[in-house]
$ cat start-v9.csv   # CSV, C-alpha atoms and all ligand atoms
chain,number,residue,atom,x,y,z
P,1,MET,CA,0.0,0.0,0.0
P,2,ARG,CA,1.1,3.5,-0.8
P,3,GLN,CA,2.2,5.5,2.2
P,4,LYS,CA,0.0,8.5,2.9
P,5,ASP,CA,1.9,11.7,2.4
P,6,GLN,CA,0.9,14.1,5.2
P,7,THR,CA,2.0,17.1,3.3
P,8,ALA,CA,-0.1,16.3,0.2
P,9,PRO,CA,-3.4,18.3,-0.2
P,10,ARG,CA,-6.3,16.4,1.5
P,11,ILE,CA,-9.6,16.1,-0.4
P,12,LEU,CA,-12.9,15.0,0.9
P,13,VAL,CA,-15.2,13.4,-1.6
P,14,VAL,CA,-18.8,13.4,-0.6
P,15,GLU,CA,-20.8,11.2,-3.1
P,16,ASP,CA,-23.5,8.7,-2.3
P,17,GLU,CA,-23.0,6.8,-5.6
P,18,ALA,CA,-20.4,4.3,-4.4
P,19,SER,CA,-18.9,3.5,-7.8
P,20,LEU,CA,-18.5,7.2,-8.6
P,21,GLY,CA,-17.0,7.9,-5.2
P,22,GLU,CA,-14.5,5.1,-5.7
P,23,LEU,CA,-13.6,6.2,-9.2
P,24,LEU,CA,-12.9,9.7,-8.0
P,25,ALA,CA,-10.9,8.5,-4.9
P,26,TYR,CA,-8.8,6.2,-7.1
P,27,ASN,CA,-7.9,9.0,-9.6
P,28,LEU,CA,-7.3,11.6,-7.0
P,29,GLU,CA,-5.0,9.3,-5.1
P,30,ALA,CA,-3.1,8.5,-8.3
P,31,GLU,CA,-2.5,12.3,-8.6
P,32,GLY,CA,-0.9,12.3,-5.1
P,33,TYR,CA,-3.8,13.7,-3.1
P,34,VAL,CA,-4.8,12.2,0.3
P,35,VAL,CA,-8.5,11.3,-0.1
P,36,GLU,CA,-11.3,10.7,2.4
P,37,ARG,CA,-14.8,9.7,1.4
P,38,ALA,CA,-18.2,10.2,2.8
P,39,GLU,CA,-21.4,8.8,1.3
P,40,ARG,CA,-23.9,10.7,3.4
P,41,GLY,CA,-24.3,14.3,4.4
P,42,GLU,CA,-24.0,13.7,8.1
P,43,GLU,CA,-20.9,11.6,7.7
P,44,ALA,CA,-19.4,14.5,5.7
P,45,GLU,CA,-20.3,17.0,8.4
P,46,LEU,CA,-18.5,14.9,11.0
P,47,LYS,CA,-15.4,14.5,8.9
P,48,LEU,CA,-15.3,18.2,8.2
P,49,LEU,CA,-15.5,19.0,11.9
P,50,GLU,CA,-12.9,16.5,12.9
P,51,HIS,CA,-10.3,17.3,10.2
P,52,SER,CA,-10.8,20.1,7.7
P,53,PRO,CA,-9.5,19.0,4.3
P,54,ASP,CA,-8.0,21.4,1.7
P,55,LEU,CA,-10.8,20.9,-0.8
P,56,VAL,CA,-14.2,19.3,-0.9
P,57,ILE,CA,-15.9,17.6,-3.9
P,58,LEU,CA,-19.5,17.7,-2.9
P,59,ASP,CA,-22.4,15.9,-4.6
P,60,TRP,CA,-25.6,18.0,-4.7
P,61,MET,CA,-28.1,15.2,-4.1
P,62,LEU,CA,-27.4,13.1,-1.0
P,63,PRO,CA,-29.8,10.9,0.9
P,64,ASP,CA,-29.9,13.0,4.0
P,65,ILE,CA,-28.5,16.6,4.1
P,66,SER,CA,-28.2,18.1,0.6
P,67,GLY,CA,-24.9,19.2,-0.8
P,68,ILE,CA,-26.3,22.8,-1.0
P,69,GLU,CA,-27.1,22.7,2.7
P,70,ILE,CA,-23.6,21.4,3.6
P,71,CYS,CA,-22.0,24.1,1.5
P,72,ARG,CA,-24.1,26.8,3.2
P,73,ARG,CA,-23.1,25.5,6.6
P,74,LEU,CA,-19.4,25.4,5.6
P,75,ARG,CA,-19.6,29.0,4.5
P,76,ALA,CA,-21.3,30.0,7.8
P,77,ARG,CA,-18.4,28.6,9.9
P,78,GLU,CA,-15.3,30.7,10.4
P,79,GLU,CA,-12.9,27.8,10.0
P,80,THR,CA,-14.4,26.6,6.7
P,81,LYS,CA,-15.6,29.9,5.3
P,82,THR,CA,-12.9,29.8,2.5
P,83,LEU,CA,-12.6,26.0,2.1
P,84,PRO,CA,-12.6,25.3,-1.7
P,85,VAL,CA,-15.8,23.4,-2.8
P,86,ILE,CA,-16.5,21.8,-6.1
P,87,MET,CA,-20.2,20.8,-6.5
P,88,LEU,CA,-21.2,17.8,-8.5
P,89,THR,CA,-24.7,17.6,-9.9
P,90,ALA,CA,-26.9,15.9,-12.4
P,91,ARG,CA,-28.9,19.1,-12.9
P,92,SER,CA,-27.7,21.1,-15.8
P,93,GLU,CA,-30.1,24.0,-15.9
P,94,GLU,CA,-28.6,27.4,-15.6
P,95,ASN,CA,-30.7,28.5,-12.6
P,96,GLU,CA,-29.5,25.5,-10.6
P,97,ARG,CA,-26.0,26.4,-11.4
P,98,VAL,CA,-26.5,29.9,-10.2
P,99,ARG,CA,-28.1,28.4,-7.0
P,100,GLY,CA,-25.0,26.3,-6.4
P,101,LEU,CA,-22.6,29.2,-6.8
P,102,SER,CA,-24.8,31.5,-4.8
P,103,VAL,CA,-24.4,29.3,-1.7
P,104,GLY,CA,-20.7,29.6,-2.1
P,105,ALA,CA,-19.4,26.7,-4.2
P,106,ASP,CA,-16.2,27.7,-6.0
P,107,ASP,CA,-16.8,25.6,-9.0
P,108,TYR,CA,-19.6,23.4,-10.4
P,109,VAL,CA,-19.4,20.2,-12.5
P,110,VAL,CA,-22.3,18.7,-14.2
P,111,LYS,CA,-22.7,14.9,-14.4
P,112,PRO,CA,-21.7,13.0,-16.4
P,113,PHE,CA,-18.3,14.6,-16.5
P,114,SER,CA,-14.9,13.3,-17.5
P,115,VAL,CA,-12.5,12.5,-14.7
P,116,PRO,CA,-9.5,14.4,-16.3
P,117,GLU,CA,-11.8,17.5,-16.5
P,118,LEU,CA,-12.6,17.2,-12.8
P,119,LEU,CA,-8.9,16.7,-12.0
P,120,ALA,CA,-8.0,19.8,-13.9
P,121,ARG,CA,-10.6,21.8,-12.0
P,122,VAL,CA,-9.3,20.5,-8.7
P,123,ARG,CA,-5.7,21.5,-9.6
P,124,ALA,CA,-6.8,24.9,-10.8
P,125,LEU,CA,-8.8,25.6,-7.7
P,126,LEU,CA,-6.0,24.5,-5.3
P,127,ARG,CA,-3.6,26.6,-7.2
P,128,ARG,CA,-5.8,29.6,-7.1
P,129,ILE,CA,-6.8,29.3,-3.4
P,130,SER,CA,-3.5,28.1,-1.9
P,131,PRO,CA,-0.6,28.1,-4.2
P,132,GLU,CA,1.8,27.2,-1.4
P,133,ARG,CA,0.0,23.8,-1.0
P,134,ILE,CA,1.0,22.6,-4.4
P,135,ALA,CA,4.1,24.5,-5.4
P,136,SER,CA,7.1,22.3,-5.8
P,137,ARG,CA,9.4,24.8,-4.2
P,138,LEU,CA,8.8,27.1,-1.3
P,139,SER,CA,11.2,29.7,-0.1
P,140,VAL,CA,11.1,32.2,2.7
P,141,GLY,CA,14.1,34.5,3.5
P,142,ASP,CA,17.2,32.5,2.7
P,143,ILE,CA,15.6,29.1,3.3
P,144,GLU,CA,14.5,27.1,0.4
P,145,LEU,CA,12.6,23.9,0.4
P,146,ASP,CA,12.2,21.7,-2.7
P,147,ARG,CA,9.5,19.1,-2.4
P,148,GLU,CA,10.5,17.2,-5.5
P,149,SER,CA,14.1,16.5,-4.5
P,150,TYR,CA,13.4,16.6,-0.8
P,151,ARG,CA,16.1,19.2,-0.4
P,152,VAL,CA,16.4,22.1,1.9
P,153,ARG,CA,19.0,24.8,1.5
P,154,ARG,CA,19.9,27.9,3.5
P,155,SER,CA,21.9,30.6,1.9
P,156,GLY,CA,22.8,28.1,-0.8
P,157,ARG,CA,24.2,25.4,1.6
P,158,ASP,CA,22.5,22.0,2.0
P,159,ILE,CA,20.6,21.4,5.2
P,160,HIS,CA,20.2,17.8,6.1
P,161,LEU,CA,16.9,17.0,7.7
P,162,GLY,CA,15.2,13.7,8.7
P,163,PRO,CA,11.8,13.0,7.1
P,164,THR,CA,9.8,14.3,10.1
P,165,GLU,CA,11.8,17.5,10.3
P,166,PHE,CA,11.3,18.0,6.6
P,167,ARG,CA,7.5,17.6,7.0
P,168,LEU,CA,7.5,20.0,9.9
P,169,LEU,CA,9.4,22.6,8.0
P,170,ASP,CA,7.2,22.1,5.0
P,171,HIS,CA,4.1,22.7,7.2
P,172,LEU,CA,5.4,25.7,9.1
P,173,ILE,CA,6.9,27.5,6.1
P,174,GLN,CA,3.6,27.5,4.2
P,175,LYS,CA,2.1,29.9,6.7
P,176,PRO,CA,4.8,32.3,8.0
P,177,GLY,CA,3.6,34.1,11.1
P,178,ARG,CA,1.0,31.6,12.0
P,179,VAL,CA,1.4,29.7,15.3
P,180,PHE,CA,0.4,26.0,15.4
P,181,THR,CA,-0.4,24.2,18.6
P,182,ARG,CA,1.4,20.9,19.4
P,183,ALA,CA,-1.9,19.1,18.8
P,184,GLN,CA,-2.3,20.7,15.4
P,185,LEU,CA,1.3,19.8,14.4
P,186,LEU,CA,0.8,16.2,15.6
P,187,ASP,CA,-2.3,16.0,13.6
P,188,ALA,CA,-0.7,17.5,10.4
P,189,ILE,CA,2.6,15.7,10.5
P,190,TRP,CA,1.9,12.3,12.2
P,191,GLY,CA,-1.8,12.0,11.4
P,192,LEU,CA,-4.9,11.8,13.5
P,193,SER,CA,-4.6,8.2,14.5
P,194,ALA,CA,-1.1,8.6,15.8
P,195,GLU,CA,-0.9,8.2,19.6
P,196,ILE,CA,2.2,10.2,20.2
P,197,ASP,CA,3.1,12.4,23.1
P,198,GLU,CA,3.0,16.1,22.4
P,199,ARG,CA,6.5,16.4,23.7
P,200,THR,CA,7.6,14.5,20.6
P,201,VAL,CA,6.8,17.7,18.7
P,202,ASP,CA,9.3,19.6,20.9
P,203,VAL,CA,12.0,17.1,20.2
P,204,HIS,CA,11.6,17.3,16.4
P,205,ILE,CA,11.3,21.1,16.5
P,206,GLY,CA,14.6,21.1,18.5
P,207,ARG,CA,16.3,19.0,15.8
P,208,LEU,CA,14.9,21.2,13.0
P,209,ARG,CA,16.1,24.3,14.7
P,210,LYS,CA,19.5,22.9,15.3
P,211,ALA,CA,19.8,21.9,11.6
P,212,LEU,CA,18.6,25.2,10.2
P,213,SER,CA,20.8,27.7,12.0
P,214,ARG,CA,24.5,28.2,12.4
P,215,ALA,CA,25.6,30.2,15.4
P,216,THR,CA,25.3,33.6,13.9
P,217,GLU,CA,22.2,33.0,11.9
P,218,ALA,CA,18.7,34.1,12.9
P,219,ASP,CA,16.5,31.3,14.2
P,220,PRO,CA,13.5,31.1,11.9
P,221,ILE,CA,11.4,29.1,14.3
P,222,ARG,CA,9.4,30.9,16.9
P,223,THR,CA,8.3,29.4,20.2
P,224,VAL,CA,5.3,30.9,21.7
P,225,ARG,CA,4.9,30.0,25.3
P,226,GLY,CA,1.7,28.2,26.1
P,227,ALA,CA,0.7,28.2,22.4
P,228,GLY,CA,3.1,26.4,20.1
P,229,TYR,CA,5.4,27.0,17.2
P,230,GLY,CA,5.5,29.0,14.1
P,231,PHE,CA,7.8,30.1,11.3
P,232,ASP,CA,8.8,33.7,12.0
P,233,ASP,CA,7.2,36.0,9.6
P,234,ARG,CA,9.7,38.8,10.4
P,235,PHE,CA,12.4,36.4,9.3
P,236,GLN,CA,11.6,36.9,5.6
P,237,LYS,CA,12.1,40.7,5.7
W,301,CA,CA,-26.1,11.7,-5.4
$ encode --input "start-v9.csv" --output "structure tokens" --more "lines below"
Ligand code: CA
Amino acid sequence: MRQKDQTAPRILVVEDEASLGELLAYNLEAEGYVVERAERGEEAELKLLEHSPDLVILDWMLPDISGIEICRRLRAREETKTLPVIMLTARSEENERVRGLSVGADDYVVKPFSVPELLARVRALLRRISPERIASRLSVGDIELDRESYRVRRSGRDIHLGPTEFRLLDHLIQKPGRVFTRAQLLDAIWGLSAEIDERTVDVHIGRLRKALSRATEADPIRTVRGAGYGFDDRFQK
């Protein structure tokens, strides 16, 4: 089985037609996304509360809560207000399309659709909404991270990181200035199911810090007492 990449964008597919849900999950995983599925509206709501994905593919007609209603609720909640949503529907009338977009869906695909077409929409939406999630290279200040070659450099010199430190840096560097709690980092780097002590985060942050900075260089990692860790946003200036 393919190992789940915790830094890959996560996509929730909400579709009650099992064969279509499977087809989508299969193709999205082949593109490198981490996919979760829900077949009913309530199940989707639970998954959205427990772990917000980077994008939702949402069927309009579901057996319990409609896709429209789920989308409306997503937009009403602060944490999911800007979560990218692609609606799937069998309805092709223009007024239905307008209704879908008016509750806040970012894009709208009419069934039957071609899988490559949907994949292209997913890529386009992720690129538009959060380019840092899919860029192959990220750089802040004099630190550069290359996701394809798994290399990190600072001021041109190679920095050697273990896989966990690499994922930590990848996660922090995407949102300079934002502070993540230990629980959020555990969830993002090790995954929800991991039963790992929060102090493990401190250990890996310590290693990352040590690897990144020579004696005279600024420490790009910020420790916020009682809160967690972040990538220093003043570091880039
Ligand atoms: Ca349906």
$ closest_residue --input "start-v9.csv" --among "P:Gly191, P:Pro116, P:Gly206, P:Gly226" --to "His51 in chain P" --atoms "only C-alpha atoms"
P:Gly191
$ atom_distance --input "start-v9.csv" --atom1 "CA of Asp219 in chain P" --atom2 "CA of Glu144 in chain P"
14.6 Å
$ closest_atom_pairs --input "start-v9.csv" --of "range 97-212 of chain P" --to "range 27-33 of chain P" --cutoff "12 Å" --atoms "only C-alpha atoms" --output "tab-separated table"
residue	atom	partner	partner_atom	distance
P:Ser114	CA	P:Asn27	CA	11.4
P:Val115	CA	P:Asn27	CA	7.7
P:Pro116	CA	P:Asn27	CA	8.8
P:Glu117	CA	P:Asn27	CA	11.6
P:Leu118	CA	P:Leu28	CA	9.6
P:Leu119	CA	P:Leu28	CA	7.3
P:Ala120	CA	P:Glu31	CA	10.7
P:Arg121	CA	P:Leu28	CA	11.8
P:Val122	CA	P:Leu28	CA	9.3
P:Arg123	CA	P:Glu31	CA	9.8
P:Leu126	CA	P:Tyr33	CA	11.2
P:Arg133	CA	P:Tyr33	CA	11.0
P:Ile134	CA	P:Tyr33	CA	10.2
$ residues_near_ligand --input "start-v9.csv" --ligand "ligand CA 301 (chain W)" --cutoff "6 Å" --atoms "all atoms listed in the file" --output "ChimeraX atom specification"
/P:15-17,59,61-62
$ atom_distance --input "start-v9.csv" --atom1 "CA of Val179 in chain P" --atom2 "CA of Leu49 in chain P"
20.3 Å
$ residues_around --input "start-v9.csv" --residues "Val35 in chain P" --least-positions-apart "5" --cutoff "6 Å" --atoms "only C-alpha atoms" --output "list of chain:residue names"
P:Arg10, P:Ile11, P:Leu12
$ write_last_selection --input "start-v9.csv" --atoms "C-alpha atoms" --output "PDB file, in the frame of the given file"
ATOM      1  CA  ARG P  10      -6.300  16.400   1.500  1.00  0.00           C
ATOM      2  CA  ILE P  11      -9.600  16.100  -0.400  1.00  0.00           C
ATOM      3  CA  LEU P  12     -12.900  15.000   0.900  1.00  0.00           C
TER       4      LEU P  12
END
$ closest_residue --input "start-v9.csv" --among "P:Leu88, P:Leu208, P:Ala8, P:Leu168" --to "Trp190 in chain P" --atoms "only C-alpha atoms"
P:Leu168
$ closest_atom_pairs --input "start-v9.csv" --of "range 112-213 of chain P" --to "range 64-83 of chain P" --cutoff "12 Å" --atoms "all atoms listed in the file" --output "JSON lines"
{"residue": "P:Leu125", "atom": "CA", "partner": "P:Leu83", "partner_atom": "CA", "distance": 10.5}
{"residue": "P:Leu126", "atom": "CA", "partner": "P:Leu83", "partner_atom": "CA", "distance": 10.0}
{"residue": "P:Arg128", "atom": "CA", "partner": "P:Thr82", "partner_atom": "CA", "distance": 11.9}
{"residue": "P:Ile129", "atom": "CA", "partner": "P:Thr82", "partner_atom": "CA", "distance": 8.5}
{"residue": "P:Ser130", "atom": "CA", "partner": "P:Leu83", "partner_atom": "CA", "distance": 10.2}
$ closest_residue --input "start-v9.csv" --among "P:Arg127, P:His204, P:Arg199, P:Arg40" --to "Pro163 in chain P" --atoms "all atoms listed in the file"
P:His204
$ atom_distance --input "start-v9.csv" --atom1 "CA of Thr200 in chain P" --atom2 "CA of Pro9 in chain P"
23.8 Å
$ residues_around --input "start-v9.csv" --residues "Ile57 in chain P" --least-positions-apart "6" --cutoff "6 Å" --atoms "all atoms listed in the file" --output "list of chain:residue names"
P:Val13, P:Val85, P:Ile86, P:Met87
$ residues_around --input "start-v9.csv" --residues "Lys175 in chain P" --least-positions-apart "5" --cutoff "10 Å" --atoms "all atoms listed in the file" --output "PyMOL selection string"
chain P and resi 132+170+180+230-233
$ build_atoms --input "start-v9.csv" --residues "range 133-153 of chain P" --atoms "N, CA and C atoms" --output "PDB file, in the coordinates of the input"
ATOM      1  N   ARG P 133       0.266  25.213  -1.268  1.00  0.00           N
ATOM      2  CA  ARG P 133       0.000  23.800  -1.000  1.00  0.00           C
ATOM      3  C   ARG P 133       0.523  22.917  -2.140  1.00  0.00           C
ATOM      4  N   ILE P 134       0.621  23.446  -3.336  1.00  0.00           N
ATOM      5  CA  ILE P 134       1.000  22.600  -4.400  1.00  0.00           C
ATOM      6  C   ILE P 134       2.277  22.997  -5.162  1.00  0.00           C
ATOM      7  N   ALA P 135       2.867  24.096  -4.721  1.00  0.00           N
ATOM      8  CA  ALA P 135       4.100  24.500  -5.400  1.00  0.00           C
ATOM      9  C   ALA P 135       5.168  23.439  -5.130  1.00  0.00           C
ATOM     10  N   SER P 136       6.092  23.272  -6.070  1.00  0.00           N
ATOM     11  CA  SER P 136       7.100  22.300  -5.800  1.00  0.00           C
ATOM     12  C   SER P 136       8.273  22.863  -5.020  1.00  0.00           C
ATOM     13  N   ARG P 137       8.352  24.189  -5.017  1.00  0.00           N
ATOM     14  CA  ARG P 137       9.400  24.800  -4.200  1.00  0.00           C
ATOM     15  C   ARG P 137       8.822  25.955  -3.392  1.00  0.00           C
ATOM     16  N   LEU P 138       9.274  26.017  -2.160  1.00  0.00           N
ATOM     17  CA  LEU P 138       8.800  27.100  -1.300  1.00  0.00           C
ATOM     18  C   LEU P 138      10.098  27.785  -0.782  1.00  0.00           C
ATOM     19  N   SER P 139      10.066  29.109  -0.717  1.00  0.00           N
ATOM     20  CA  SER P 139      11.200  29.700  -0.100  1.00  0.00           C
ATOM     21  C   SER P 139      10.774  30.945   0.720  1.00  0.00           C
ATOM     22  N   VAL P 140      11.368  31.082   1.867  1.00  0.00           N
ATOM     23  CA  VAL P 140      11.100  32.200   2.700  1.00  0.00           C
ATOM     24  C   VAL P 140      12.484  32.668   3.240  1.00  0.00           C
ATOM     25  N   GLY P 141      12.767  33.954   3.076  1.00  0.00           N
ATOM     26  CA  GLY P 141      14.100  34.500   3.500  1.00  0.00           C
ATOM     27  C   GLY P 141      15.160  33.707   2.706  1.00  0.00           C
ATOM     28  N   ASP P 142      16.166  33.251   3.429  1.00  0.00           N
ATOM     29  CA  ASP P 142      17.200  32.500   2.700  1.00  0.00           C
ATOM     30  C   ASP P 142      17.059  31.012   2.817  1.00  0.00           C
ATOM     31  N   ILE P 143      15.872  30.585   3.236  1.00  0.00           N
ATOM     32  CA  ILE P 143      15.600  29.100   3.300  1.00  0.00           C
ATOM     33  C   ILE P 143      14.742  28.690   2.149  1.00  0.00           C
ATOM     34  N   GLU P 144      15.156  27.607   1.536  1.00  0.00           N
ATOM     35  CA  GLU P 144      14.500  27.100   0.400  1.00  0.00           C
ATOM     36  C   GLU P 144      14.171  25.630   0.538  1.00  0.00           C
ATOM     37  N   LEU P 145      12.938  25.252   0.232  1.00  0.00           N
ATOM     38  CA  LEU P 145      12.600  23.900   0.400  1.00  0.00           C
ATOM     39  C   LEU P 145      12.049  23.333  -0.950  1.00  0.00           C
ATOM     40  N   ASP P 146      12.624  22.237  -1.411  1.00  0.00           N
ATOM     41  CA  ASP P 146      12.200  21.700  -2.700  1.00  0.00           C
ATOM     42  C   ASP P 146      11.521  20.335  -2.437  1.00  0.00           C
ATOM     43  N   ARG P 147      10.238  20.302  -2.751  1.00  0.00           N
ATOM     44  CA  ARG P 147       9.500  19.100  -2.400  1.00  0.00           C
ATOM     45  C   ARG P 147       9.746  17.945  -3.382  1.00  0.00           C
ATOM     46  N   GLU P 148      10.232  18.252  -4.574  1.00  0.00           N
ATOM     47  CA  GLU P 148      10.500  17.200  -5.500  1.00  0.00           C
ATOM     48  C   GLU P 148      11.766  16.426  -5.196  1.00  0.00           C
ATOM     49  N   SER P 149      12.795  17.176  -4.850  1.00  0.00           N
ATOM     50  CA  SER P 149      14.100  16.500  -4.500  1.00  0.00           C
ATOM     51  C   SER P 149      14.251  16.291  -3.043  1.00  0.00           C
ATOM     52  N   TYR P 150      13.256  16.736  -2.236  1.00  0.00           N
ATOM     53  CA  TYR P 150      13.400  16.600  -0.800  1.00  0.00           C
ATOM     54  C   TYR P 150      14.615  17.321  -0.245  1.00  0.00           C
ATOM     55  N   ARG P 151      14.939  18.475  -0.831  1.00  0.00           N
ATOM     56  CA  ARG P 151      16.100  19.200  -0.400  1.00  0.00           C
ATOM     57  C   ARG P 151      15.781  20.463   0.296  1.00  0.00           C
ATOM     58  N   VAL P 152      16.578  20.806   1.273  1.00  0.00           N
ATOM     59  CA  VAL P 152      16.400  22.100   1.900  1.00  0.00           C
ATOM     60  C   VAL P 152      17.775  22.793   1.902  1.00  0.00           C
ATOM     61  N   ARG P 153      17.747  24.078   1.565  1.00  0.00           N
ATOM     62  CA  ARG P 153      19.000  24.800   1.500  1.00  0.00           C
ATOM     63  C   ARG P 153      18.809  26.137   2.310  1.00  0.00           C
TER      64      ARG P 153
END
